[in-house]
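Asker: Input: one structure, supplied below.
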Amino acid sequence: MEHRFSLGPSPAERLNRARADLRMGLPVVLSGQMLAVAVETLSPERLAALRALGPLQLAITARRAETLKARVYDGDLARLQVPVDADLGWLRALADPADDLRMPMKGPLQSLRDGAPDLARAAIRLAKSAQLLPAALLAPLPDPAPDGLTAIEAAEAMQLLEAEALMAPVAAARVPMRAAEKGRLHIFRPDDGGEEHYAIEIGAPPRDKPVLARLHSACFTGDVLGSLKCDCGPQLDAALTQMGHEGAGVLLYLNQEGRGIGLANKMRAYSLQDQGFDTVEANHRLGFEDDERDFRTGAALLRKLGFSAVRLLTNNPAKVRMLEANGITVAERVPLKVGLSRHNEAYLATKAAKSGHIL
């Protein structure tokens, strides 16, 4: 009997290889046409090798292009011509806004408008998914192509990156906590190679009634270090405490640090905030949107746990809309107003003014 199952990588597995390669500074092959490498992890040696292949272009998001005063012809991104004498310092200065105020003039920048931007768009999206700065260098693919590089189809990669990940339960066990002795921790693993997410179940909430629930995005600085720059740590504690007092609830701990940009980029945003930018402006200067999280994950986990209706602990109406749009009934929005301090009052005011939080 013929075995049709292939031992080779699937498209999703190739995508994850590409993501890992970019984090290591390796180029990937896009649609058999171009090489793409993340500027953040690019080495001088690889830059020299890429330069020998022909004209280079730098792909950045429209958000970053706005800061750099570069023309945007491709909607959500800009493709910049890389000068023949540009070194790694020039590329990183365009990718990373750390020194924007000290060195505001980086031009003149020549934006490309000919040709399709699809490969550049895929390269940026890959860099984002690897939690790197959203800036990618693209070079012509030589013939023959270099051995050993991961090759992916750009359109296929974009489709996979935009698709909702399927969650599979991995393990669960009893975990007594300060907030509630009757606690249980569930671990879920996505099929897209992304980080695992957690569900903390308090008591034994009935599945046929709205459960007190919170979607809590991971915040290492607030949840672990007790940072006063945000209200995440107090919100986590208050949500678990309220569930403990009521005897039932579920808190989804989603590994989407820094509104989905990762801890390293979050620290870059914090550094920009120290320069006087608010949280939204900092994300934009880095090349990200206000919020890069995918809250479909929260709805998927609730369904996996058997819940179809919630009393949602949140100040963010967007979470309510997201759950409703993904088949979870929000019977009540339960405010969670804790953690205000002199260190985060401006941050919370920005969340209210620019992100619609009800504070």
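The chains in the structure tokens are called A, B, ... from first to last as shown; in each chain the residues are counted from 1, and the ligands are counted from 1 in the order shown.
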When you look at Leu301 in chain A with a cut-off of 10 Å (counting only C-alpha atoms), what residues show up, excluding the ones that are within fewer than 2 positions of it in the same chain? I need them as a list in words.

Answerer: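 Here the qualifying residues turn out to be Leu166, Met167, Ala168, Pro169, His186, Phe188, His197, Tyr198, Ala199, Leu252, Leu254, Arg296, Thr297, Gly298, Ala299, Arg303, Lys304, Leu305, Gly306 and Phe307 of chain A.
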
Asker: If we count only C-alpha atoms and set the cut-off at 9 Å, which residues sit around range 233-249 of chain A, ignoring sequence neighbours fewer than 6 positions away in its own chain? Please answer as a ChimeraX atom specification.

Answerer: /A:178-183,200-206,211-214,216,219-227,313,336-339

Asker: How would you write, as number ranges by chain, the set of residues in range 104-211 of chain A that DSSP gives as strand (DSSP E or B)?

Answerer: A: 111, 135-140, 151-152, 167-174, 183-190, 197-203, 211

Asker: Restrict the calculation to only C-alpha atoms, then for each residue of range 47-148 of chain A with any atom at most 12 Å from an atom of range 23-30 of chain A give the closest atom pair and their distance in Å to one decimal, rows by chain and rising residue number, as a Markdown table.

Answerer:
| residue | atom | partner | partner_atom | distance |
| --- | --- | --- | --- | --- |
| A:Leu47 | CA | A:Pro27 | CA | 10.3 |
| A:Ala49 | CA | A:Pro27 | CA | 11.0 |
| A:Leu50 | CA | A:Pro27 | CA | 9.4 |
| A:Asp118 | CA | A:Leu30 | CA | 9.9 |
| A:Leu119 | CA | A:Leu30 | CA | 6.6 |
| A:Ala120 | CA | A:Leu30 | CA | 9.3 |
| A:Arg121 | CA | A:Leu30 | CA | 10.8 |
| A:Ala122 | CA | A:Leu30 | CA | 8.2 |
| A:Ala123 | CA | A:Leu30 | CA | 8.1 |
| A:Ile124 | CA | A:Leu30 | CA | 11.8 |
| A:Leu126 | CA | A:Arg23 | CA | 10.1 |
| A:Ala127 | CA | A:Arg23 | CA | 8.2 |
| A:Lys128 | CA | A:Arg23 | CA | 10.6 |
| A:Ser129 | CA | A:Arg23 | CA | 10.2 |
| A:Ala130 | CA | A:Arg23 | CA | 6.6 |
| A:Gln131 | CA | A:Arg23 | CA | 8.5 |
| A:Leu132 | CA | A:Arg23 | CA | 7.3 |
| A:Leu133 | CA | A:Arg23 | CA | 10.4 |
| A:Pro134 | CA | A:Arg23 | CA | 12.0 |
| A:Ala136 | CA | A:Pro27 | CA | 9.8 |
| A:Leu137 | CA | A:Pro27 | CA | 9.1 |
| A:Leu138 | CA | A:Pro27 | CA | 9.0 |
| A:Ala139 | CA | A:Pro27 | CA | 9.5 |
| A:Pro140 | CA | A:Val29 | CA | 9.7 |
| A:Leu141 | CA | A:Val29 | CA | 7.6 |
| A:Pro142 | CA | A:Val29 | CA | 10.4 |
| A:Ala145 | CA | A:Val29 | CA | 8.6 |
| A:Pro146 | CA | A:Val29 | CA | 9.3 |
| A:Asp147 | CA | A:Val29 | CA | 10.7 |
| A:Gly148 | CA | A:Val28 | CA | 9.6 |

Asker: Which of range 104-233 of chain A counts as alpha helix (DSSP H) under DSSP, as a ChimeraX atom specification please?

Answerer: /A:118-129,154-162,232-233

Asker: Counting only C-alpha atoms, figure out which residue out of A:Arg311, A:Arg92, A:Arg333, A:Arg321 gets nearest to Phe295 in chain A.

Answerer: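 Using only C-alpha atoms, the shortest distance to Phe295 in chain A belongs to A:Arg321.
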
Asker: Expressed in Å to a single decimal, how great is the separation between CA of Val84 in chain A and CA of Phe288 in chain A?

Answerer: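 Spanning CA of Val84 in chain A to CA of Phe288 in chain A is a straight-line distance of 27.8 Å.
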
Asker: What lies within 12 Å of Gly89 in chain A using only C-alpha atoms, ignoring chain neighbours under 4 positions off, as a PDB file with all heavy atoms, in the first residue's frame?

Answerer:
ATOM      1  N   VAL A  39      16.218  43.263   8.920  1.00  0.00           N
ATOM      2  CA  VAL A  39      17.301  44.222   9.151  1.00  0.00           C
ATOM      3  C   VAL A  39      17.852  44.088  10.560  1.00  0.00           C
ATOM      4  O   VAL A  39      19.074  44.184  10.779  1.00  0.00           O
ATOM      5  CB  VAL A  39      16.791  45.660   8.909  1.00  0.00           C
ATOM      6  CG1 VAL A  39      17.826  46.683   9.344  1.00  0.00           C
ATOM      7  CG2 VAL A  39      16.431  45.852   7.443  1.00  0.00           C
ATOM      8  N   GLU A  40      16.989  43.817  11.532  1.00  0.00           N
ATOM      9  CA  GLU A  40      17.424  43.764  12.934  1.00  0.00           C
ATOM     10  C   GLU A  40      18.514  42.730  13.171  1.00  0.00           C
ATOM     11  O   GLU A  40      19.427  42.959  13.973  1.00  0.00           O
ATOM     12  CB  GLU A  40      16.217  43.469  13.831  1.00  0.00           C
ATOM     13  CG  GLU A  40      16.560  43.361  15.304  1.00  0.00           C
ATOM     14  CD  GLU A  40      15.352  43.107  16.180  1.00  0.00           C
ATOM     15  OE1 GLU A  40      14.211  43.361  15.736  1.00  0.00           O
ATOM     16  OE2 GLU A  40      15.547  42.651  17.326  1.00  0.00           O
ATOM     17  N   LEU A  42      20.435  41.261  10.663  1.00  0.00           N
ATOM     18  CA  LEU A  42      21.358  41.178   9.531  1.00  0.00           C
ATOM     19  C   LEU A  42      22.790  41.475   9.985  1.00  0.00           C
ATOM     20  O   LEU A  42      23.029  42.389  10.768  1.00  0.00           O
ATOM     21  CB  LEU A  42      20.922  42.190   8.456  1.00  0.00           C
ATOM     22  CG  LEU A  42      21.772  42.294   7.195  1.00  0.00           C
ATOM     23  CD1 LEU A  42      21.771  40.985   6.426  1.00  0.00           C
ATOM     24  CD2 LEU A  42      21.250  43.437   6.322  1.00  0.00           C
ATOM     25  N   SER A  43      23.739  40.701   9.475  1.00  0.00           N
ATOM     26  CA  SER A  43      25.157  40.913   9.792  1.00  0.00           C
ATOM     27  C   SER A  43      25.833  41.667   8.650  1.00  0.00           C
ATOM     28  O   SER A  43      25.359  41.636   7.502  1.00  0.00           O
ATOM     29  CB  SER A  43      25.857  39.570   9.995  1.00  0.00           C
ATOM     30  OG  SER A  43      25.930  38.851   8.764  1.00  0.00           O
ATOM     31  N   PRO A  44      26.960  42.341   8.926  1.00  0.00           N
ATOM     32  CA  PRO A  44      27.689  43.026   7.852  1.00  0.00           C
ATOM     33  C   PRO A  44      28.128  42.069   6.745  1.00  0.00           C
ATOM     34  O   PRO A  44      28.123  42.438   5.562  1.00  0.00           O
ATOM     35  CB  PRO A  44      28.897  43.633   8.582  1.00  0.00           C
ATOM     36  CG  PRO A  44      28.480  43.742  10.007  1.00  0.00           C
ATOM     37  CD  PRO A  44      27.562  42.582  10.246  1.00  0.00           C
ATOM     38  N   LEU A  47      25.162  41.278   4.570  1.00  0.00           N
ATOM     39  CA  LEU A  47      24.827  42.460   3.778  1.00  0.00           C
ATOM     40  C   LEU A  47      25.751  42.562   2.571  1.00  0.00           C
ATOM     41  O   LEU A  47      25.303  42.845   1.453  1.00  0.00           O
ATOM     42  CB  LEU A  47      24.923  43.715   4.641  1.00  0.00           C
ATOM     43  CG  LEU A  47      24.744  45.041   3.897  1.00  0.00           C
ATOM     44  CD1 LEU A  47      23.387  45.100   3.190  1.00  0.00           C
ATOM     45  CD2 LEU A  47      24.894  46.227   4.862  1.00  0.00           C
ATOM     46  N   ASP A  85      26.132  52.670  -1.444  1.00  0.00           N
ATOM     47  CA  ASP A  85      27.137  52.804  -0.383  1.00  0.00           C
ATOM     48  C   ASP A  85      26.529  52.710   1.011  1.00  0.00           C
ATOM     49  O   ASP A  85      27.214  52.974   2.001  1.00  0.00           O
ATOM     50  CB  ASP A  85      27.885  54.137  -0.534  1.00  0.00           C
ATOM     51  CG  ASP A  85      26.943  55.337  -0.475  1.00  0.00           C
ATOM     52  OD1 ASP A  85      25.702  55.139  -0.575  1.00  0.00           O
ATOM     53  OD2 ASP A  85      27.438  56.474  -0.334  1.00  0.00           O
ATOM     54  N   ALA A  93      19.327  52.381  11.210  1.00  0.00           N
ATOM     55  CA  ALA A  93      18.793  53.687  11.592  1.00  0.00           C
ATOM     56  C   ALA A  93      17.400  53.904  11.019  1.00  0.00           C
ATOM     57  O   ALA A  93      16.566  54.583  11.628  1.00  0.00           O
ATOM     58  CB  ALA A  93      19.741  54.790  11.127  1.00  0.00           C
ATOM     59  N   LEU A  94      17.139  53.323   9.847  1.00  0.00           N
ATOM     60  CA  LEU A  94      15.804  53.431   9.263  1.00  0.00           C
ATOM     61  C   LEU A  94      14.831  52.466   9.931  1.00  0.00           C
ATOM     62  O   LEU A  94      13.635  52.753  10.030  1.00  0.00           O
ATOM     63  CB  LEU A  94      15.854  53.137   7.760  1.00  0.00           C
ATOM     64  CG  LEU A  94      16.636  54.123   6.893  1.00  0.00           C
ATOM     65  CD1 LEU A  94      16.398  53.825   5.421  1.00  0.00           C
ATOM     66  CD2 LEU A  94      16.235  55.564   7.185  1.00  0.00           C
ATOM     67  N   ALA A  95      15.341  51.335  10.384  1.00  0.00           N
ATOM     68  CA  ALA A  95      14.471  50.322  10.986  1.00  0.00           C
ATOM     69  C   ALA A  95      14.136  50.628  12.431  1.00  0.00           C
ATOM     70  O   ALA A  95      13.027  50.358  12.897  1.00  0.00           O
ATOM     71  CB  ALA A  95      15.128  48.941  10.890  1.00  0.00           C
ATOM     72  N   ASP A  96      15.089  51.174  13.166  1.00  0.00           N
ATOM     73  CA  ASP A  96      14.958  51.364  14.614  1.00  0.00           C
ATOM     74  C   ASP A  96      14.916  52.857  14.941  1.00  0.00           C
ATOM     75  O   ASP A  96      15.864  53.590  14.623  1.00  0.00           O
ATOM     76  CB  ASP A  96      16.143  50.689  15.323  1.00  0.00           C
ATOM     77  CG  ASP A  96      15.970  50.645  16.830  1.00  0.00           C
ATOM     78  OD1 ASP A  96      15.142  51.397  17.368  1.00  0.00           O
ATOM     79  OD2 ASP A  96      16.672  49.847  17.475  1.00  0.00           O
ATOM     80  N   ASP A  99      17.332  56.410  17.704  1.00  0.00           N
ATOM     81  CA  ASP A  99      18.110  57.644  17.567  1.00  0.00           C
ATOM     82  C   ASP A  99      17.436  58.672  16.664  1.00  0.00           C
ATOM     83  O   ASP A  99      18.096  59.584  16.163  1.00  0.00           O
ATOM     84  CB  ASP A  99      19.508  57.326  17.015  1.00  0.00           C
ATOM     85  CG  ASP A  99      20.396  56.646  18.042  1.00  0.00           C
ATOM     86  OD1 ASP A  99      20.181  56.884  19.245  1.00  0.00           O
ATOM     87  OD2 ASP A  99      21.282  55.873  17.643  1.00  0.00           O
ATOM     88  N   LYS A 106      17.543  61.493   7.767  1.00  0.00           N
ATOM     89  CA  LYS A 106      18.114  60.242   7.278  1.00  0.00           C
ATOM     90  C   LYS A 106      18.038  60.139   5.755  1.00  0.00           C
ATOM     91  O   LYS A 106      18.429  59.143   5.194  1.00  0.00           O
ATOM     92  CB  LYS A 106      17.392  59.047   7.912  1.00  0.00           C
ATOM     93  CG  LYS A 106      17.578  58.961   9.429  1.00  0.00           C
ATOM     94  CD  LYS A 106      16.883  57.752   9.987  1.00  0.00           C
ATOM     95  CE  LYS A 106      17.268  57.520  11.440  1.00  0.00           C
ATOM     96  NZ  LYS A 106      16.827  58.613  12.320  1.00  0.00           N
TER      97      LYS A 106
END

Asker: Smallest atom-to-atom distance to Ala98 in chain A: which of A:Arg207, A:Arg268, A:Lys319, A:Arg342, using only C-alpha atoms?

Answerer: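 Closest candidate: A:Arg268.
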
Asker: Find the residue from A:Gln273, A:Thr67, A:Asn255, A:Asn265 that sits nearest to Lys229 in chain A; use only C-alpha atoms when measuring.

Answerer: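 Among the listed residues, A:Gln273 lies closest to Lys229 in chain A.
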
Asker: If you measure from CA of Arg293 in chain A to CA of Leu22 in chain A, what distance in Å do you get, rounded to one decimal?

Answerer: 20.7 Å

Asker: Could I get the residues of range 282-316 of chain A with an atom no further than 12 Å from an atom of range 68-81 of chain A, each paired with its nearest atom pair and that distance in Å to one decimal, using only C-alpha atoms, sorted by chain and residue number, as CSV?

Answerer:
residue,atom,partner,partner_atom,distance
A:His284,CA,A:Leu68,CA,11.2
A:Arg285,CA,A:Leu68,CA,8.8
A:Leu286,CA,A:Leu68,CA,10.8
A:Gly287,CA,A:Leu77,CA,9.6
A:Phe288,CA,A:Asp76,CA,10.8
A:Glu289,CA,A:Asp76,CA,10.6

Asker: Print the selection's residues with N, CA, C and O atoms to a file, as a compact mmCIF listing (two decimals), in the first residue's frame.

Answerer:
# COMPACT_ATOMS: atom_id res chain seq x y z
N HIS A 284 3.79 53.39 16.67
CA HIS A 284 3.81 53.84 15.29
C HIS A 284 5.24 54.13 14.82
O HIS A 284 5.61 53.79 13.68
N ARG A 285 6.04 54.76 15.65
CA ARG A 285 7.42 55.07 15.27
C ARG A 285 8.23 53.80 15.05
O ARG A 285 9.15 53.77 14.22
N LEU A 286 7.88 52.75 15.76
CA LEU A 286 8.54 51.46 15.57
C LEU A 286 8.09 50.75 14.30
O LEU A 286 8.73 49.81 13.84
N GLY A 287 6.95 51.20 13.76
CA GLY A 287 6.43 50.58 12.54
C GLY A 287 5.25 49.67 12.79
O GLY A 287 4.80 48.98 11.87
N PHE A 288 4.71 49.67 14.02
CA PHE A 288 3.58 48.81 14.36
C PHE A 288 2.29 49.62 14.41
O PHE A 288 2.30 50.85 14.50
N GLU A 289 1.18 48.90 14.41
CA GLU A 289 -0.12 49.53 14.62
C GLU A 289 -0.33 49.72 16.13
O GLU A 289 0.46 49.25 16.95

Asker: Looking at only C-alpha atoms, which of A:Ser31, A:Thr350, A:Gln256, A:Ser10 is the one that sits closest to Phe277 in chain A?

Answerer: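 So, comparing all the options, the nearest one is A:Thr350.
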